[in-house]
Amino acid sequence: MSKEFWSAVNGSGVGVIIGSAFGIVTLGTMGFDRITLYQGTLLVSCAMFGGFLFGALIGVTGAFRKNSVELRVNARRSTFDSPKVA
(Lines give C-alpha, C1' and ligand atoms only; values in the text may rest on other atoms or scores of the structure.)
Protein backbone atom coordinates (compact mmCIF):
# COMPACT_ATOMS: atom_id res chain seq x y z
CA MET A 1 0.00 0.00 0.00
CA SER A 2 1.19 3.48 -0.81
CA LYS A 3 2.44 6.20 1.49
CA GLU A 4 -0.49 8.39 0.51
CA PHE A 5 -2.92 5.73 1.72
CA TRP A 6 -1.27 5.40 5.12
CA SER A 7 -1.04 9.17 5.42
CA ALA A 8 -4.77 9.40 4.75
CA VAL A 9 -5.45 6.68 7.36
CA ASN A 10 -3.36 8.51 9.96
CA GLY A 11 -5.01 11.81 9.12
CA SER A 12 -8.49 10.34 9.33
CA GLY A 13 -7.72 8.87 12.76
CA VAL A 14 -6.59 12.25 14.03
CA GLY A 15 -9.63 13.86 12.40
CA VAL A 16 -12.02 11.48 14.15
CA ILE A 17 -10.48 12.32 17.54
CA ILE A 18 -10.69 16.05 16.87
CA GLY A 19 -14.22 15.74 15.46
CA SER A 20 -15.50 13.79 18.46
CA ALA A 21 -13.98 16.33 20.85
CA PHE A 22 -15.59 19.13 18.85
CA GLY A 23 -18.97 17.39 18.90
CA ILE A 24 -18.87 16.82 22.67
CA VAL A 25 -17.83 20.40 23.33
CA THR A 26 -20.64 21.63 21.07
CA LEU A 27 -23.13 19.50 23.01
CA GLY A 28 -21.80 20.87 26.27
CA THR A 29 -22.21 24.41 25.01
CA MET A 30 -25.76 23.83 23.79
CA GLY A 31 -26.87 22.07 26.94
CA PHE A 32 -28.17 18.56 27.42
CA ASP A 33 -31.62 19.44 28.76
CA ARG A 34 -33.22 20.30 25.39
CA ILE A 35 -31.60 17.61 23.25
CA THR A 36 -32.66 13.97 23.01
CA LEU A 37 -30.14 11.15 22.98
CA TYR A 38 -30.71 10.59 19.26
CA GLN A 39 -30.02 14.23 18.41
CA GLY A 40 -26.89 14.31 20.54
CA THR A 41 -25.57 11.10 19.00
CA LEU A 42 -26.33 12.41 15.53
CA LEU A 43 -24.50 15.68 16.20
CA VAL A 44 -21.39 13.94 17.56
CA SER A 45 -21.34 11.37 14.75
CA CYS A 46 -21.65 14.09 12.10
CA ALA A 47 -18.78 15.97 13.72
CA MET A 48 -16.72 12.77 13.73
CA PHE A 49 -17.51 12.13 10.07
CA GLY A 50 -16.51 15.68 9.13
CA GLY A 51 -13.27 15.27 11.05
CA PHE A 52 -12.67 11.96 9.29
CA LEU A 53 -13.09 13.51 5.84
CA PHE A 54 -11.02 16.58 6.64
CA GLY A 55 -8.26 14.51 8.25
CA ALA A 56 -8.11 12.16 5.27
CA LEU A 57 -7.88 15.13 2.89
CA ILE A 58 -5.12 16.76 4.90
CA GLY A 59 -3.34 13.43 5.35
CA VAL A 60 -3.32 12.50 1.68
CA THR A 61 -1.88 15.89 0.75
CA GLY A 62 1.12 15.21 2.96
CA ALA A 63 0.65 16.87 6.34
CA PHE A 64 1.14 13.59 8.21
CA ARG A 65 3.69 12.13 5.82
CA LYS A 66 7.03 11.01 7.24
CA ASN A 67 9.20 12.47 4.49
CA SER A 68 7.81 16.00 4.69
CA VAL A 69 11.21 17.23 6.00
CA GLU A 70 12.86 16.06 2.79
CA LEU A 71 10.31 17.96 0.73
CA ARG A 72 11.02 21.18 2.63
CA VAL A 73 14.76 20.78 2.09
CA ASN A 74 14.24 20.28 -1.64
CA ALA A 75 11.93 23.29 -1.79
CA ARG A 76 14.60 25.53 -0.28
CA ARG A 77 17.12 24.65 -2.98
CA SER A 78 17.62 27.53 -5.38
CA THR A 79 17.10 27.13 -9.10
CA PHE A 80 20.77 27.84 -9.80
CA ASP A 81 21.72 24.56 -8.10
CA SER A 82 19.41 22.58 -10.34
CA PRO A 83 21.11 20.81 -13.28
CA LYS A 84 18.04 21.38 -15.50
CA VAL A 85 18.47 25.16 -15.69
CA ALA A 86 19.91 26.20 -19.05
# chains A, B, ... in the order shown; residues from 1 in each chain; ligands from 1

$ residues_around --residues "A:Gly11" --least-positions-apart "3" --cutoff "7 Å" --atoms "only C-alpha atoms" --output "PyMOL selection string"
chain A and resi 7-8+14-15+55-56+58-59+64

$ residues_around --residues "stretch 29-31 of chain A" --least-positions-apart "6" --cutoff "12 Å" --atoms "only C-alpha atoms" --output "NGL selection string"
:A and (22-23 or 39-40 or 43)

$ write_last_selection --atoms "all heavy atoms" --output "mmCIF file, in the first residue's frame"
data_model
loop_
_atom_site.group_PDB
_atom_site.id
_atom_site.type_symbol
_atom_site.label_atom_id
_atom_site.label_comp_id
_atom_site.auth_asym_id
_atom_site.auth_seq_id
_atom_site.Cartn_x
_atom_site.Cartn_y
_atom_site.Cartn_z
ATOM 1 N N PHE A 22 -14.806 17.974 19.265
ATOM 2 C CA PHE A 22 -15.592 19.130 18.851
ATOM 3 C C PHE A 22 -17.088 18.895 19.062
ATOM 4 O O PHE A 22 -17.812 19.778 19.521
ATOM 5 C CB PHE A 22 -15.307 19.459 17.383
ATOM 6 C CG PHE A 22 -16.124 20.588 16.855
ATOM 7 C CD1 PHE A 22 -15.836 21.890 17.205
ATOM 8 C CD2 PHE A 22 -17.195 20.346 16.005
ATOM 9 C CE1 PHE A 22 -16.589 22.939 16.710
ATOM 10 C CE2 PHE A 22 -17.958 21.370 15.512
ATOM 11 C CZ PHE A 22 -17.657 22.673 15.870
ATOM 12 N N GLY A 23 -17.563 17.705 18.723
ATOM 13 C CA GLY A 23 -18.973 17.387 18.900
ATOM 14 C C GLY A 23 -19.389 17.383 20.362
ATOM 15 O O GLY A 23 -20.463 17.885 20.721
ATOM 16 N N GLN A 39 -30.557 12.994 18.978
ATOM 17 C CA GLN A 39 -30.022 14.225 18.407
ATOM 18 C C GLN A 39 -28.577 14.443 18.826
ATOM 19 O O GLN A 39 -27.750 14.880 18.018
ATOM 20 C CB GLN A 39 -30.877 15.410 18.832
ATOM 21 C CG GLN A 39 -32.247 15.432 18.220
ATOM 22 C CD GLN A 39 -33.132 16.493 18.829
ATOM 23 O OE1 GLN A 39 -32.862 16.986 19.922
ATOM 24 N NE2 GLN A 39 -34.204 16.847 18.124
ATOM 25 N N GLY A 40 -28.263 14.154 20.073
ATOM 26 C CA GLY A 40 -26.887 14.306 20.542
ATOM 27 C C GLY A 40 -25.939 13.341 19.854
ATOM 28 O O GLY A 40 -24.833 13.708 19.454
ATOM 29 N N LEU A 43 -25.400 14.524 16.278
ATOM 30 C CA LEU A 43 -24.499 15.676 16.202
ATOM 31 C C LEU A 43 -23.043 15.254 16.365
ATOM 32 O O LEU A 43 -22.168 15.668 15.596
ATOM 33 C CB LEU A 43 -24.865 16.708 17.269
ATOM 34 C CG LEU A 43 -24.041 17.981 17.188
ATOM 35 C CD1 LEU A 43 -24.906 19.105 16.666
ATOM 36 C CD2 LEU A 43 -23.479 18.325 18.529
#

$ closest_residue --among "A:Thr36, A:Lys3, A:Thr61, A:Gly51" --to "A:Ile18" --atoms "only C-alpha atoms"
A:Gly51

$ residues_around --residues "A:Leu27" --least-positions-apart "6" --cutoff "12 Å" --atoms "only C-alpha atoms" --output "list in words"
Ser20, Ala21, Asp33, Arg34, Ile35, Thr36, Leu37, Gln39, Gly40, Thr41, Leu42, Leu43, Val44, Ser45 and Ala47 of chain A

$ atom_distance --atom1 "atom CA of A:Val60" --atom2 "atom CA of A:Phe5"
6.8 Å
